[in-house]
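Structure record follows, encoded as structure tokens.
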Amino acid sequence: MKRRFHWAVVALFLAIPSVALGAIPPKIINGVLDLREWNFQSDGPIALKGEWVFSWGEFTEPGVLSDAHLMQVPGFWNDTENPQQPGEFLPGQGYGTLGLRVLLPAGAAKDLGISLEYAQVAYSLHARGVHGSEMVLANGTPGQSQESEIAQRLPSTARLPVSSDGSVYLSWHVSNYHTMRTGTWTAPTIGPLST
């Protein structure tokens, strides 16, 4: 009896992950996320976790990053090697841009939104769509100095503008002059807008 109970428990635990996981989300690789096969209605929203392109010490437009390296999102830039000083890590205080290109499924673009819980400590998220680049989310004011930064941490959601080819370039400006550990504590999420 104990042996049957043991195997029933093992079978239950093996079955739960396959049911709970649903569709396996694609991974962000080298700053590109291919969602062309993703069905937001059946697969749900997707967190933009993975290898974003990162450019330290500059704020750039979506799709334009110079001297860029990869950084895990979510993640701390203190854990990222300084491109100007190999073998050294970036300081906790400063600013930079994270970039991502998202390829979207046909027809999904008009009803998508993007949300973000927060980043440490100020950010603005820009997207390049049909009408050019626009700021879609912001928390405080990211700055190139402590004097120009306004820190804030609130969740935010907005409609996601998409280009005519069904893709979107994201440019996430983040700054921190108030804490020692900084970066992206959470990842933005793309999903259907609530009606």
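Going through the structure tokens in order, the chains are called A, B, and so on, while each chain numbers its residues from 1 and the ligands are numbered from 1 in the order shown.
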- Task: Could you give me, as a ChimeraX atom specification, the residues within 6 Å of Leu170 in chain A, counting only C-alpha atoms and dropping anything in the same chain fewer than 4 positions from it?
- Result: /A:62,99-100,126-127
May I have a table of the residues of range 96-129 of chain A lying at most 7 Å from range 142-148 of chain A, giving each one's closest pair of atoms and their distance in Å to one decimal, counting only C-alpha atoms, ordered by chain and ascending residue number, as JSON lines?
```
{"residue": "A:Ala122", "atom": "CA", "partner": "A:Pro142", "partner_atom": "CA", "distance": 4.8}
{"residue": "A:Tyr123", "atom": "CA", "partner": "A:Pro142", "partner_atom": "CA", "distance": 5.1}
{"residue": "A:Ser124", "atom": "CA", "partner": "A:Pro142", "partner_atom": "CA", "distance": 6.7}
```
field: Nearest-residue call for Phe40 in chain A, choices A:Gly129, A:Ser163, A:Gly107, A:Trp185, using only C-alpha atoms
entry: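 Of A:Gly129, A:Ser163, A:Gly107, A:Trp185, the one nearest Phe40 in chain A, counting only C-alpha atoms, is A:Gly107.
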Report as a ChimeraX atom specification all protein, DNA and RNA residues lying within 10 Å of Ser171 in chain A, evaluated on only C-alpha atoms, omitting residues in the same chain fewer than 2 positions from it.
/A:52-54,59-65,97-101,124-128,133-135,168-169,173-174
query = as a list in words, which residues of range 79-120 of chain A does DSSP assign to helix (DSSP H, G or I)?
reply =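 Taking range 79-120 of chain A and keeping helix (DSSP H, G or I) gives Asp79, Ala109, Lys110 and Asp111 of chain A.
Counting only C-alpha atoms, Gln152 in chain A has the following residues at most 8 Å away, ignoring those fewer than 6 positions along the same chain: Val121, Ala122, Asn139, Gly140 and Thr141 of chain A.
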Name the residues in contact with Met71 in chain A at a cut-off of 10 Å, using only C-alpha atoms, excluding same-chain residues fewer than 4 positions from it; report them as a ChimeraX atom specification. /A:30-31,50-55,75-77,79-81,98-99,183-184
List as an mmCIF file with N, CA and C atoms, in the first residue's frame the protein and nucleic acid residues near Pro155 in chain A, meaning an atom at most 12 Å away when only C-alpha atoms are counted, but skip any in the same chain fewer than 3 places from it.
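Contents of result-v6.cif, freshly written:
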```cif
data_model
loop_
_atom_site.group_PDB
_atom_site.id
_atom_site.type_symbol
_atom_site.label_atom_id
_atom_site.label_comp_id
_atom_site.auth_asym_id
_atom_site.auth_seq_id
_atom_site.Cartn_x
_atom_site.Cartn_y
_atom_site.Cartn_z
ATOM 1 N N ILE A 114 2.365 46.698 -22.879
ATOM 2 C CA ILE A 114 3.606 46.381 -22.183
ATOM 3 C C ILE A 114 3.494 46.918 -20.767
ATOM 4 N N SER A 115 3.963 46.133 -19.815
ATOM 5 C CA SER A 115 3.915 46.571 -18.422
ATOM 6 C C SER A 115 5.258 46.313 -17.767
ATOM 7 N N LEU A 116 5.516 47.083 -16.730
ATOM 8 C CA LEU A 116 6.766 46.950 -15.987
ATOM 9 C C LEU A 116 6.506 47.304 -14.540
ATOM 10 N N GLU A 117 6.955 46.430 -13.656
ATOM 11 C CA GLU A 117 6.769 46.677 -12.227
ATOM 12 C C GLU A 117 7.652 47.834 -11.778
ATOM 13 N N TYR A 118 8.969 47.719 -11.961
ATOM 14 C CA TYR A 118 9.880 48.822 -11.675
ATOM 15 C C TYR A 118 11.305 48.447 -12.052
ATOM 16 N N ALA A 119 12.158 49.453 -12.097
ATOM 17 C CA ALA A 119 13.604 49.267 -12.262
ATOM 18 C C ALA A 119 14.272 50.145 -11.213
ATOM 19 N N ALA A 122 15.326 54.805 -11.622
ATOM 20 C CA ALA A 122 14.518 55.609 -12.539
ATOM 21 C C ALA A 122 14.671 55.035 -13.948
ATOM 22 N N TYR A 123 13.585 55.101 -14.737
ATOM 23 C CA TYR A 123 13.678 54.574 -16.102
ATOM 24 C C TYR A 123 12.685 55.254 -17.023
ATOM 25 N N LEU A 137 6.597 54.040 -21.373
ATOM 26 C CA LEU A 137 6.541 53.881 -19.921
ATOM 27 C C LEU A 137 7.638 54.730 -19.292
ATOM 28 N N ALA A 138 7.381 55.224 -18.087
ATOM 29 C CA ALA A 138 8.418 55.960 -17.359
ATOM 30 C C ALA A 138 8.126 55.897 -15.873
ATOM 31 N N ASN A 139 9.180 55.926 -15.116
ATOM 32 C CA ASN A 139 9.106 56.001 -13.666
ATOM 33 C C ASN A 139 10.193 56.949 -13.219
ATOM 34 N N GLY A 140 9.794 58.093 -12.686
ATOM 35 C CA GLY A 140 10.772 59.110 -12.360
ATOM 36 C C GLY A 140 11.383 59.648 -13.638
ATOM 37 N N GLN A 152 11.886 56.998 -8.668
ATOM 38 C CA GLN A 152 10.498 56.615 -8.422
ATOM 39 C C GLN A 152 10.357 55.136 -8.718
ATOM 40 N N ALA A 158 1.143 50.323 -20.633
ATOM 41 C CA ALA A 158 0.782 51.160 -21.780
ATOM 42 C C ALA A 158 0.584 50.294 -23.020
ATOM 43 N N THR A 186 13.088 43.681 -12.339
ATOM 44 C CA THR A 186 12.032 42.897 -12.976
ATOM 45 C C THR A 186 12.166 43.089 -14.492
ATOM 46 N N ALA A 187 11.478 42.256 -15.244
ATOM 47 C CA ALA A 187 11.491 42.373 -16.705
ATOM 48 C C ALA A 187 10.146 42.922 -17.174
ATOM 49 N N PRO A 188 10.136 43.710 -18.246
ATOM 50 C CA PRO A 188 8.859 44.115 -18.823
ATOM 51 C C PRO A 188 8.092 42.877 -19.305
ATOM 52 N N THR A 189 6.783 43.004 -19.384
ATOM 53 C CA THR A 189 5.923 41.923 -19.862
ATOM 54 C C THR A 189 5.076 42.440 -21.017
#
```
As a ChimeraX atom specification, please: every residue in range 27-186 of chain A that a backbone DSSP assignment puts in strand (DSSP E). /A:32-34,46-47,50-56,69-73,75-76,94-103,112-116,122-129,132-139,156-159,167-176,183-184
inquiry  = With distances taken over only C-alpha atoms, which residue among A:Trp172, A:Gly166, A:His69, A:Thr179 lies nearest Ala151 in chain A?
reply    =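 Selected residue with least distance to Ala151 in chain A: A:Thr179.
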Do a neighbour search on Val102 in chain A at 7 Å with only C-alpha atoms, toss out local chain neighbours closer than 3 positions, and write the hits as a list of chain:residue names.
A:Val32, A:Leu33, A:Asp34, A:Leu35, A:Ser167, A:Val168, A:Tyr169
Would you work out the distance separating CA of Lys110 in chain A from CA of Ser164 in chain A, expressed in Å to one decimal?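 Distance reported for this atom pair: 10.9 Å.
CA of Pro25 in chain A is found 17.4 Å from CA of Gly113 in chain A.
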- May I ask for the distance between CA of Ala108 in chain A and CA of Leu154 in chain A, given in Å to one decimal place?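 For CA of Ala108 in chain A relative to CA of Leu154 in chain A, the distance reads 27.1 Å.
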